[in-house]
$ cat start.cif   # mmCIF, C-alpha atoms
data_upload
loop_
_atom_site.group_PDB
_atom_site.id
_atom_site.type_symbol
_atom_site.label_atom_id
_atom_site.label_comp_id
_atom_site.auth_asym_id
_atom_site.auth_seq_id
_atom_site.Cartn_x
_atom_site.Cartn_y
_atom_site.Cartn_z
ATOM 1 C CA MET A 235 -39.282 42.223 17.830
ATOM 2 C CA SER A 236 -42.035 41.488 20.012
ATOM 3 C CA LEU A 237 -43.089 44.428 18.090
ATOM 4 C CA GLY A 238 -45.734 39.831 13.206
ATOM 5 C CA ASP A 239 -46.304 36.371 6.109
ATOM 6 C CA GLU A 240 -48.761 36.448 3.763
ATOM 7 C CA PRO A 241 -50.493 38.837 1.481
ATOM 8 C CA GLY A 242 -50.422 41.790 3.809
ATOM 9 C CA TYR A 243 -47.828 41.126 6.390
ATOM 10 C CA GLY A 244 -44.923 39.950 4.366
ATOM 11 C CA ASP A 245 -42.911 37.421 6.206
ATOM 12 C CA GLY A 246 -42.635 38.833 9.528
ATOM 13 C CA PRO A 247 -39.690 40.139 14.226
ATOM 14 C CA ARG A 248 -40.510 39.048 17.287
ATOM 15 C CA GLY A 249 -40.834 42.209 18.559
ATOM 16 C CA GLU A 250 -39.694 43.284 21.725
ATOM 17 C CA ASP A 251 -38.808 42.892 20.702
ATOM 18 C CA ARG A 252 -45.578 38.955 11.491
ATOM 19 C CA GLY A 253 -54.735 37.013 2.524
ATOM 20 C CA TYR A 254 -56.067 35.762 5.665
ATOM 21 C CA GLY A 255 -58.661 33.173 5.816
ATOM 22 C CA GLY A 256 -61.304 32.928 8.383
ATOM 23 C CA SER A 257 -63.874 30.586 9.690
ATOM 24 C CA GLY A 258 -67.425 31.495 10.377
ATOM 25 C CA GLN A 259 -66.919 29.902 13.764
ATOM 26 C CA THR A 260 -64.773 32.579 15.435
ATOM 27 C CA ARG A 261 -61.431 31.828 16.663
ATOM 28 C CA THR A 262 -59.298 31.163 13.639
ATOM 29 C CA ARG A 263 -55.676 30.280 13.812
ATOM 30 C CA LEU A 264 -52.833 31.566 11.747
ATOM 31 C CA PRO A 265 -50.301 28.999 10.592
ATOM 32 C CA ASP A 266 -48.060 31.865 9.762
ATOM 33 C CA ARG A 267 -45.041 30.141 11.139
ATOM 34 C CA PRO A 268 -43.622 26.946 9.860
ATOM 35 C CA GLY A 269 -40.269 25.552 10.462
ATOM 36 C CA ASP A 270 -37.421 24.657 12.761
ATOM 37 C CA VAL A 271 -33.702 24.396 12.497
ATOM 38 C CA TYR A 272 -32.023 22.790 9.556
ATOM 39 C CA GLY A 273 -30.101 19.776 8.535
ATOM 40 C CA GLY A 274 -32.721 17.018 8.452
ATOM 41 C CA ALA A 275 -31.703 15.918 11.924
ATOM 42 C CA ARG A 276 -31.342 17.389 15.363
ATOM 43 C CA ARG A 277 -28.420 19.823 15.584
ATOM 44 C CA GLY A 278 -25.839 19.569 18.312
ATOM 45 C CA ARG A 279 -25.683 22.459 20.722
ATOM 46 C CA GLY A 280 -22.141 23.366 19.779
ATOM 47 C CA SER A 281 -22.951 24.099 16.147
ATOM 48 C CA SER A 282 -25.868 26.344 17.021
ATOM 49 C CA SER A 283 -24.415 28.331 19.905
ATOM 50 C CA ARG A 284 -23.475 31.352 17.833
ATOM 51 C CA SER A 285 -26.924 31.426 16.189
ATOM 52 C CA LEU A 286 -28.685 31.157 19.513
ATOM 53 C CA VAL A 287 -26.583 33.940 21.015
ATOM 54 C CA THR A 288 -27.417 36.168 18.064
ATOM 55 C CA VAL A 289 -31.136 35.441 18.284
ATOM 56 C CA VAL A 290 -31.203 36.017 22.029
ATOM 57 C CA GLY A 291 -29.335 39.280 21.572
ATOM 58 C CA VAL A 292 -31.853 40.397 18.949
ATOM 59 C CA VAL A 293 -34.825 39.620 21.147
ATOM 60 C CA VAL A 294 -33.330 41.310 24.210
ATOM 61 C CA LEU A 295 -32.489 44.437 22.238
ATOM 62 C CA LEU A 296 -35.947 44.739 20.767
ATOM 63 C CA ILE A 297 -37.738 44.036 24.032
ATOM 64 C CA ALA A 298 -35.647 46.702 25.724
ATOM 65 C CA ALA A 299 -36.418 49.186 22.962
ATOM 66 C CA ILE A 300 -40.149 48.629 23.219
ATOM 67 C CA ALA A 301 -40.131 48.747 26.989
ATOM 68 C CA PHE A 302 -38.278 52.050 26.853
ATOM 69 C CA ALA A 303 -40.724 53.445 24.328
ATOM 70 C CA ASN A 304 -43.740 52.612 26.430
ATOM 71 C CA ARG A 305 -42.712 53.227 30.015
ATOM 72 C CA GLY A 306 -45.140 55.341 31.909
ATOM 73 C CA ASP A 307 -48.132 54.200 29.892
ATOM 74 C CA ASP A 308 -49.596 51.858 32.481
ATOM 75 C CA ALA A 309 -52.267 54.265 33.610
ATOM 76 C CA ALA A 310 -53.224 55.364 30.144
ATOM 77 C CA SER A 311 -55.286 52.369 29.145
ATOM 78 C CA SER A 312 -56.394 50.800 32.409
ATOM 79 C CA GLY A 313 -59.067 53.375 33.128
ATOM 80 C CA ASP A 314 -59.727 54.679 36.609
ATOM 81 C CA GLY A 315 -60.420 51.213 37.974
ATOM 82 C CA SER A 316 -64.078 51.856 38.702
ATOM 83 C CA GLY A 317 -65.108 51.012 35.164
ATOM 84 C CA ASP A 318 -63.145 47.762 34.902
ATOM 85 C CA LYS A 319 -65.144 44.813 33.714
ATOM 86 C CA ALA A 320 -64.511 41.160 34.464
ATOM 87 C CA ALA A 321 -60.875 40.336 33.787
ATOM 88 C CA SER A 322 -58.990 37.210 32.748
ATOM 89 C CA SER A 323 -61.418 36.208 30.052
ATOM 90 C CA PRO A 324 -59.701 33.280 28.276
ATOM 91 C CA THR A 325 -59.810 32.528 24.594
ATOM 92 C CA ALA A 326 -62.966 30.722 23.545
ATOM 93 C CA ALA A 327 -65.229 30.659 20.537
ATOM 94 C CA SER A 328 -67.519 33.684 20.696
ATOM 95 C CA GLY A 329 -69.676 32.899 17.678
ATOM 96 C CA ASN A 330 -68.637 36.120 15.963
ATOM 97 C CA PRO A 331 -67.023 35.892 12.516
ATOM 98 C CA PRO A 332 -63.612 37.479 11.886
ATOM 99 C CA VAL A 333 -63.468 41.033 10.607
ATOM 100 C CA THR A 334 -63.594 41.397 6.843
ATOM 101 C CA THR A 335 -61.775 44.713 6.456
ATOM 102 C CA LYS A 336 -58.077 45.533 6.358
ATOM 103 C CA SER A 337 -55.919 48.618 6.614
ATOM 104 C CA ALA A 338 -52.427 48.441 5.082
ATOM 105 C CA GLY A 339 -52.963 44.685 4.787
ATOM 106 C CA ILE A 340 -53.697 44.301 8.501
ATOM 107 C CA PRO A 341 -57.147 43.251 9.784
ATOM 108 C CA SER A 342 -59.100 46.229 11.128
ATOM 109 C CA GLY A 343 -62.549 47.314 12.219
ATOM 110 C CA PHE A 344 -62.732 45.242 15.392
ATOM 111 C CA PRO A 345 -65.827 45.317 17.635
ATOM 112 C CA HIS A 346 -65.916 47.790 20.515
ATOM 113 C CA THR A 347 -65.932 44.939 23.047
ATOM 114 C CA PRO A 348 -63.382 43.071 25.199
ATOM 115 C CA GLU A 349 -63.530 40.251 22.651
ATOM 116 C CA GLY A 350 -62.846 42.744 19.868
ATOM 117 C CA ALA A 351 -59.798 43.987 21.759
ATOM 118 C CA GLN A 352 -58.504 40.413 22.007
ATOM 119 C CA SER A 353 -58.962 39.905 18.276
ATOM 120 C CA ALA A 354 -57.139 43.161 17.562
ATOM 121 C CA ALA A 355 -54.253 42.254 19.867
ATOM 122 C CA ALA A 356 -53.795 38.849 18.234
ATOM 123 C CA ASN A 357 -53.730 40.277 14.723
ATOM 124 C CA TYR A 358 -51.472 43.156 15.726
ATOM 125 C CA ALA A 359 -49.024 40.671 17.273
ATOM 126 C CA VAL A 360 -48.700 39.018 13.871
ATOM 127 C CA ALA A 361 -48.000 42.323 12.120
ATOM 128 C CA LEU A 362 -45.495 43.518 14.715
ATOM 129 C CA GLY A 363 -43.729 40.156 14.586
ATOM 130 C CA SER A 364 -43.334 40.129 10.826
ATOM 131 C CA ALA A 365 -40.228 40.437 8.673
ATOM 132 C CA ASP A 366 -41.729 43.651 7.304
ATOM 133 C CA MET A 367 -40.705 45.345 10.527
ATOM 134 C CA PHE A 368 -37.060 45.145 9.455
ATOM 135 C CA GLU A 369 -37.628 47.512 6.502
ATOM 136 C CA LYS A 370 -38.399 51.069 7.536
ATOM 137 C CA PRO A 371 -41.061 52.040 4.938
ATOM 138 C CA ARG A 372 -43.197 49.023 5.762
ATOM 139 C CA ARG A 373 -42.451 49.310 9.493
ATOM 140 C CA ASP A 374 -43.724 52.885 9.559
ATOM 141 C CA GLN A 375 -46.833 51.782 7.693
ATOM 142 C CA ILE A 376 -47.522 49.030 10.229
ATOM 143 C CA LEU A 377 -47.014 51.354 13.177
ATOM 144 C CA ALA A 378 -49.335 53.969 11.693
ATOM 145 C CA THR A 379 -51.985 51.254 11.388
ATOM 146 C CA VAL A 380 -51.829 49.529 14.790
ATOM 147 C CA ILE A 381 -50.503 52.174 17.187
ATOM 148 C CA ALA A 382 -52.635 54.907 18.774
ATOM 149 C CA PRO A 383 -52.048 58.157 16.815
ATOM 150 C CA ALA A 384 -50.580 59.980 19.805
ATOM 151 C CA LYS A 385 -47.954 57.244 20.231
ATOM 152 C CA VAL A 386 -46.893 56.631 16.616
ATOM 153 C CA SER A 387 -43.986 59.089 16.481
ATOM 154 C CA GLU A 388 -42.624 57.761 19.780
ATOM 155 C CA PHE A 389 -42.707 54.177 18.541
ATOM 156 C CA GLU A 390 -41.126 55.164 15.219
ATOM 157 C CA ALA A 391 -38.236 56.986 16.874
ATOM 158 C CA THR A 392 -37.488 54.181 19.308
ATOM 159 C CA LEU A 393 -37.663 51.433 16.701
ATOM 160 C CA ASP A 394 -35.499 53.406 14.294
ATOM 161 C CA GLU A 395 -32.824 53.298 16.999
ATOM 162 C CA ALA A 396 -33.293 49.539 17.398
ATOM 163 C CA TYR A 397 -33.481 48.463 13.748
ATOM 164 C CA THR A 398 -30.099 49.811 12.686
ATOM 165 C CA ALA A 399 -27.970 48.682 9.755
ATOM 166 C CA GLN A 400 -25.672 46.892 12.198
ATOM 167 C CA PHE A 401 -28.613 45.198 13.868
ATOM 168 C CA ASN A 402 -29.799 43.901 10.484
ATOM 169 C CA LYS A 403 -26.312 42.587 9.747
ATOM 170 C CA ASN A 404 -26.226 40.804 13.107
ATOM 171 C CA VAL A 405 -29.404 38.961 12.136
ATOM 172 C CA GLY A 406 -27.839 38.010 8.804
ATOM 173 C CA LEU A 407 -29.685 40.547 6.659
ATOM 174 C CA ASN A 408 -28.433 43.261 4.350
ATOM 175 C CA GLU A 409 -28.123 46.697 5.929
ATOM 176 C CA ASP A 410 -31.487 47.775 4.481
ATOM 177 C CA GLY A 411 -33.272 44.836 6.116
ATOM 178 C CA SER A 412 -33.576 42.707 2.982
ATOM 179 C CA ALA A 413 -32.444 39.084 2.860
ATOM 180 C CA PRO A 414 -29.187 38.194 1.083
ATOM 181 C CA GLN A 415 -29.576 36.567 -2.310
ATOM 182 C CA GLY A 416 -30.333 32.870 -1.985
ATOM 183 C CA TYR A 417 -31.759 33.166 1.533
ATOM 184 C CA THR A 418 -35.258 33.557 2.946
ATOM 185 C CA PHE A 419 -35.645 35.612 6.104
ATOM 186 C CA VAL A 420 -38.233 34.284 8.518
ATOM 187 C CA SER A 421 -39.739 36.329 11.327
ATOM 188 C CA ARG A 422 -43.232 35.263 12.271
ATOM 189 C CA THR A 423 -45.475 35.309 15.308
ATOM 190 C CA SER A 424 -48.385 32.898 15.772
ATOM 191 C CA PRO A 425 -50.891 33.691 18.532
ATOM 192 C CA ILE A 426 -51.916 30.591 20.477
ATOM 193 C CA GLY A 427 -54.480 32.239 22.731
ATOM 194 C CA THR A 428 -55.552 35.526 24.294
ATOM 195 C CA LYS A 429 -57.014 36.770 27.550
ATOM 196 C CA THR A 430 -58.239 40.125 28.796
ATOM 197 C CA THR A 431 -56.717 41.115 32.128
ATOM 198 C CA GLN A 432 -58.322 44.568 32.373
ATOM 199 C CA SER A 433 -61.173 46.132 30.509
ATOM 200 C CA SER A 434 -63.178 49.354 30.665
ATOM 201 C CA ASP A 435 -65.393 51.040 28.090
ATOM 202 C CA ASN A 436 -62.540 52.460 26.012
ATOM 203 C CA ALA A 437 -59.461 50.607 27.225
ATOM 204 C CA ALA A 438 -58.287 47.025 27.506
ATOM 205 C CA THR A 439 -55.185 45.121 28.521
ATOM 206 C CA VAL A 440 -54.742 41.887 26.592
ATOM 207 C CA ASP A 441 -52.200 39.085 26.944
ATOM 208 C CA VAL A 442 -51.369 37.156 23.777
ATOM 209 C CA TRP A 443 -49.576 33.827 24.133
ATOM 210 C CA CYS A 444 -47.456 33.245 21.033
ATOM 211 C CA GLY A 445 -45.081 30.936 19.264
ATOM 212 C CA GLY A 446 -42.460 32.554 17.062
ATOM 213 C CA LEU A 447 -39.927 31.779 14.348
ATOM 214 C CA LEU A 448 -36.802 33.783 13.598
ATOM 215 C CA GLY A 449 -33.810 33.200 11.357
ATOM 216 C CA LEU A 450 -32.426 32.861 7.843
ATOM 217 C CA ALA A 451 -33.427 29.865 5.744
ATOM 218 C CA GLY A 452 -30.588 28.965 3.402
ATOM 219 C CA GLU A 453 -28.135 26.156 2.780
ATOM 220 C CA ASN A 454 -25.182 27.851 4.471
ATOM 221 C CA SER A 455 -27.062 29.975 6.978
ATOM 222 C CA THR A 456 -25.278 30.590 10.259
ATOM 223 C CA ASN A 457 -28.575 31.845 11.753
ATOM 224 C CA PRO A 458 -31.037 29.033 10.963
ATOM 225 C CA VAL A 459 -34.709 29.450 11.806
ATOM 226 C CA THR A 460 -35.400 28.654 15.466
ATOM 227 C CA SER A 461 -38.607 28.635 17.460
ATOM 228 C CA SER A 462 -39.531 30.426 20.679
ATOM 229 C CA TRP A 463 -42.475 30.939 23.019
ATOM 230 C CA PHE A 464 -43.471 34.218 24.613
ATOM 231 C CA THR A 465 -46.394 36.259 25.916
ATOM 232 C CA ILE A 466 -47.100 39.778 24.666
ATOM 233 C CA THR A 467 -49.049 42.250 26.778
ATOM 234 C CA MET A 468 -50.780 45.018 24.870
ATOM 235 C CA LYS A 469 -52.621 47.967 26.323
ATOM 236 C CA LEU A 470 -55.137 49.215 23.826
ATOM 237 C CA GLU A 471 -57.486 52.143 23.627
ATOM 238 C CA TRP A 472 -60.573 52.687 21.511
ATOM 239 C CA THR A 473 -59.814 55.550 19.152
ATOM 240 C CA GLY A 474 -60.946 56.478 15.660
ATOM 241 C CA GLY A 475 -63.454 53.655 15.594
ATOM 242 C CA ASP A 476 -60.981 50.841 16.307
ATOM 243 C CA TRP A 477 -58.657 49.373 18.933
ATOM 244 C CA LYS A 478 -55.104 50.761 18.870
ATOM 245 C CA ILE A 479 -51.977 49.973 20.896
ATOM 246 C CA VAL A 480 -50.708 52.458 23.483
ATOM 247 C CA SER A 481 -48.076 50.182 25.040
ATOM 248 C CA HIS A 482 -46.514 46.835 24.273
ATOM 249 C CA SER A 483 -44.304 44.514 26.342
ATOM 250 C CA GLN A 484 -43.160 40.913 26.197
ATOM 251 C CA LYS A 485 -41.941 38.103 28.440
ATOM 252 C CA ASP A 486 -40.731 34.563 27.787
ATOM 253 C CA GLY A 487 -43.037 31.522 27.903
ATOM 254 C CA PRO A 488 -45.059 29.602 28.718
ATOM 255 C CA ALA A 489 -42.971 27.111 26.713
ATOM 256 C CA PRO A 490 -43.939 23.454 26.236
ATOM 257 C CA VAL A 491 -41.470 20.602 26.463
ATOM 258 C CA PRO A 492 -39.751 20.266 23.047
ATOM 259 C CA GLY A 493 -40.929 17.290 21.035
ATOM 260 C CA ASP A 494 -38.915 14.802 19.036
ATOM 261 C CA ASP A 495 -39.739 16.293 15.655
ATOM 262 C CA ARG A 496 -37.036 15.893 13.057
ATOM 263 C CA ALA A 497 -35.675 19.275 11.988
ATOM 264 C CA SER A 498 -36.611 20.234 8.432
ATOM 265 C CA SER A 499 -34.131 21.209 5.766
ATOM 266 C CA ALA A 500 -33.461 24.830 4.860
ATOM 267 C CA ASP A 501 -35.208 24.293 1.512
ATOM 268 C CA ASP A 502 -38.317 22.937 3.234
ATOM 269 C CA ILE A 503 -38.452 25.920 5.565
ATOM 270 C CA ALA A 504 -37.989 28.438 2.756
ATOM 271 C CA LYS A 505 -40.665 26.715 0.670
ATOM 272 C CA ALA A 506 -43.116 26.650 3.569
ATOM 273 C CA VAL A 507 -42.608 30.357 4.238
ATOM 274 C CA GLU A 508 -43.390 31.171 0.621
ATOM 275 C CA GLU A 509 -46.395 28.868 0.332
ATOM 276 C CA TYR A 510 -48.205 29.191 3.655
ATOM 277 C CA GLY A 511 -50.210 32.272 4.485
ATOM 278 C CA GLY A 512 -52.373 32.739 7.537
ATOM 279 C CA PHE A 513 -55.746 33.625 8.971
ATOM 280 C CA THR A 514 -57.457 36.572 10.518
ATOM 281 C CA TYR A 515 -57.586 35.908 14.237
ATOM 282 C CA ALA A 516 -60.948 36.245 15.904
ATOM 283 C CA ARG A 517 -61.863 35.900 19.555
#

$ encode --input "start.cif" --output "structure tokens"
Amino acid sequence: MSLGDEPGYGDGPRGEDRGYGGSGQTRTRLPDRPGDVYGGARRGRGSSSRSLVTVVGVVVLLIAAIAFANRGDDAASSGDGSGDKAASSPTAASGNPPVTTKSAGIPSGFPHTPEGAQSAAANYAVALGSADMFEKPRRDQILATVIAPAKVSEFEATLDEAYTAQFNKNVGLNEDGSAPQGYTFVSRTSPIGTKTTQSSDNAATVDVWCGGLLGLAGENSTNPVTSSWFTITMKLEWTGGDWKIVSHSQKDGPAPVPGDDRASSADDIAKAVEEYGGFTYAR
């Protein structure tokens, strides 16, 4: 879902529902998501309608699950209002290098600053949008790493209800969340930019604009990999020496006008997923 691929994330759902490299300059981007639909040419709408309905259903289900899990958390991370710092700080190079530490394969140890919260939110979006989220052991590990301790059990329970065996089958996976033999499952989230909309000493609300990929890469796939655009809003709190998520929501867009790129073949998509890793995102 919008609740996320390389050496620590696996291959990554859009959650509502994703081995880094970095640059000493700051904002690094994660090409964690290649791909498009298959066939070497543009597909007609008729042939893809079932796939699109399935993908939309997946996204709606996951977004609803996350929203349910986090309702009532609005006041938790916004502070009392009097301590709010300047909001709507857009993504820009800060001059700070990316973090160099990881926990469970996910970047960690972010600065106790609004910029650090943005970096955390971007990297957490990748993890929560990864294919790993479809397999419970790895999903629980991700949640324990990025979610505030007091909220972990709540997130686990809600997502266990969302990621059911039937849900996995609807996406084209095996009941345990693994990809069928001969297919590569793709679920990746690529942050495009971040902004802080609220910030106090120990809390921050961050919007992360993302592009995403979701689907099964394989010659006879009925759910080919398709792209989407969405914005994730994360409310984070400073706890245990790092930024952690207390609530998570998602909305569609902003989406650019589709280009005239020729759709890649299933083999090209599968190969790209296996060969391309990503970066640690830094504000």

$ residues_around --input "start.cif" --residues "Thr398 (chain A)" --least-positions-apart "6" --cutoff "12 Å" --atoms "all atoms listed in the file" --output "list in words"
Val292, Leu295, Leu296, Met367, Phe368, Glu369, Lys370, Ala391, Thr392, Asn404, Val405, Leu407, Asn408, Glu409, Asp410 and Gly411 of chain A

$ resolve_selection --input "start.cif" --expression "the PyMOL selection byres ((chain A and resi 501-510) around 6)" --output "list in words"
Gly269, Thr418, Ala451, Ser499, Ala500 and Gly511 of chain A

$ atom_distance --input "start.cif" --atom1 "CA of Ser483 (chain A)" --atom2 "CA of Pro371 (chain A)"
22.9 Å

$ closest_residue --input "start.cif" --among "A:Thr379, A:Ser434, A:Thr456, A:Gln484" --to "Trp472 (chain A)" --atoms "all atoms listed in the file"
A:Ser434

$ closest_atom_pairs --input "start.cif" --of "region 433-459 of chain A" --to "region 334-357 of chain A" --cutoff "7 Å" --atoms "all atoms listed in the file" --output "Markdown table"
| residue | atom | partner | partner_atom | distance |
| --- | --- | --- | --- | --- |
| A:Ser433 | CA | A:Pro348 | CA | 6.5 |
| A:Ala438 | CA | A:Ala351 | CA | 6.7 |
| A:Val440 | CA | A:Gln352 | CA | 6.1 |
| A:Val442 | CA | A:Ala356 | CA | 6.3 |

$ write_last_selection --input "start.cif" --atoms "C-alpha atoms" --output "short mmCIF file (atom, residue, chain, number, x, y, z; two decimals), keeping the file's coordinate frame"
data_model
loop_
_atom_site.label_atom_id
_atom_site.label_comp_id
_atom_site.auth_asym_id
_atom_site.auth_seq_id
_atom_site.Cartn_x
_atom_site.Cartn_y
_atom_site.Cartn_z
CA SER A 433 -61.17 46.13 30.51
CA ALA A 438 -58.29 47.02 27.51
CA VAL A 440 -54.74 41.89 26.59
CA VAL A 442 -51.37 37.16 23.78
#

$ resolve_selection --input "start.cif" --expression "the PyMOL selection byres ((chain A and resi 360) around 7)" --output "list in words"
Gly238, Arg252, Ala356, Asn357, Tyr358, Ala359, Ala361, Leu362, Gly363, Ser364, Arg422, Thr423 and Ser424 of chain A

$ atom_distance --input "start.cif" --atom1 "CA of Pro488 (chain A)" --atom2 "CA of Tyr515 (chain A)"
20.2 Å

$ atom_distance --input "start.cif" --atom1 "CA of Pro458 (chain A)" --atom2 "CA of Ala497 (chain A)"
10.9 Å

$ closest_residue --input "start.cif" --among "A:Gly406, A:Tyr417, A:Val380, A:Arg517" --to "Lys469 (chain A)" --atoms "only C-alpha atoms"
A:Val380

$ axis_aligned_box --input "start.cif" --around "region 494-512 of chain A" --padding-each-side "8 Å" --output "AutoDock Vina command-line options"
--center_x -42.9 --center_y 23.8 --center_z 9.7 --size_x 34.9 --size_y 33.9 --size_z 34.7

$ residues_around --input "start.cif" --residues "Ile479 (chain A)" --least-positions-apart "4" --cutoff "6 Å" --atoms "only C-alpha atoms" --output "PyMOL selection string"
chain A and resi 381-382+469-470

$ build_atoms --input "start.cif" --residues "region 358-366 of chain A" --atoms "all heavy atoms" --output "short mmCIF file (atom, residue, chain, number, x, y, z; two decimals), in the frame of the given file"
data_model
loop_
_atom_site.label_atom_id
_atom_site.label_comp_id
_atom_site.auth_asym_id
_atom_site.auth_seq_id
_atom_site.Cartn_x
_atom_site.Cartn_y
_atom_site.Cartn_z
N TYR A 358 -52.56 42.19 15.66
CA TYR A 358 -51.47 43.16 15.73
C TYR A 358 -50.16 42.47 16.10
O TYR A 358 -49.08 42.88 15.66
CB TYR A 358 -51.79 44.25 16.73
CG TYR A 358 -52.96 45.13 16.34
CD1 TYR A 358 -53.55 46.01 17.26
CD2 TYR A 358 -53.49 45.10 15.05
CE1 TYR A 358 -54.62 46.83 16.90
CE2 TYR A 358 -54.57 45.90 14.69
CZ TYR A 358 -55.13 46.76 15.62
OH TYR A 358 -56.19 47.57 15.27
N ALA A 359 -50.23 41.42 16.92
CA ALA A 359 -49.02 40.67 17.27
C ALA A 359 -48.38 40.08 16.02
O ALA A 359 -47.16 40.05 15.88
CB ALA A 359 -49.36 39.56 18.28
N VAL A 360 -49.21 39.59 15.12
CA VAL A 360 -48.70 39.02 13.87
C VAL A 360 -47.98 40.08 13.05
O VAL A 360 -46.88 39.86 12.54
CB VAL A 360 -49.85 38.40 13.05
CG1 VAL A 360 -49.34 37.92 11.70
CG2 VAL A 360 -50.49 37.25 13.81
N ALA A 361 -48.59 41.25 12.92
CA ALA A 361 -48.00 42.32 12.12
C ALA A 361 -46.69 42.81 12.73
O ALA A 361 -45.70 43.00 12.03
CB ALA A 361 -48.99 43.48 12.00
N LEU A 362 -46.69 43.00 14.05
CA LEU A 362 -45.50 43.52 14.72
C LEU A 362 -44.39 42.47 14.80
O LEU A 362 -43.23 42.81 15.06
CB LEU A 362 -45.86 44.01 16.12
CG LEU A 362 -46.75 45.26 16.15
CD1 LEU A 362 -47.23 45.53 17.58
CD2 LEU A 362 -46.01 46.47 15.60
N GLY A 363 -44.72 41.21 14.58
CA GLY A 363 -43.73 40.16 14.59
C GLY A 363 -43.30 39.73 13.20
O GLY A 363 -42.67 38.69 13.04
N SER A 364 -43.62 40.52 12.21
CA SER A 364 -43.33 40.13 10.83
C SER A 364 -41.99 40.63 10.34
O SER A 364 -41.41 41.57 10.88
CB SER A 364 -44.44 40.66 9.90
OG SER A 364 -44.36 42.07 9.80
N ALA A 365 -41.49 40.02 9.28
CA ALA A 365 -40.23 40.44 8.67
C ALA A 365 -40.33 41.84 8.11
O ALA A 365 -39.32 42.53 7.95
CB ALA A 365 -39.83 39.45 7.57
N ASP A 366 -41.54 42.29 7.81
CA ASP A 366 -41.73 43.65 7.30
C ASP A 366 -41.19 44.70 8.26
O ASP A 366 -40.82 45.80 7.85
CB ASP A 366 -43.22 43.93 7.07
CG ASP A 366 -43.74 43.21 5.84
OD1 ASP A 366 -42.93 42.80 5.00
OD2 ASP A 366 -44.97 43.06 5.72
#
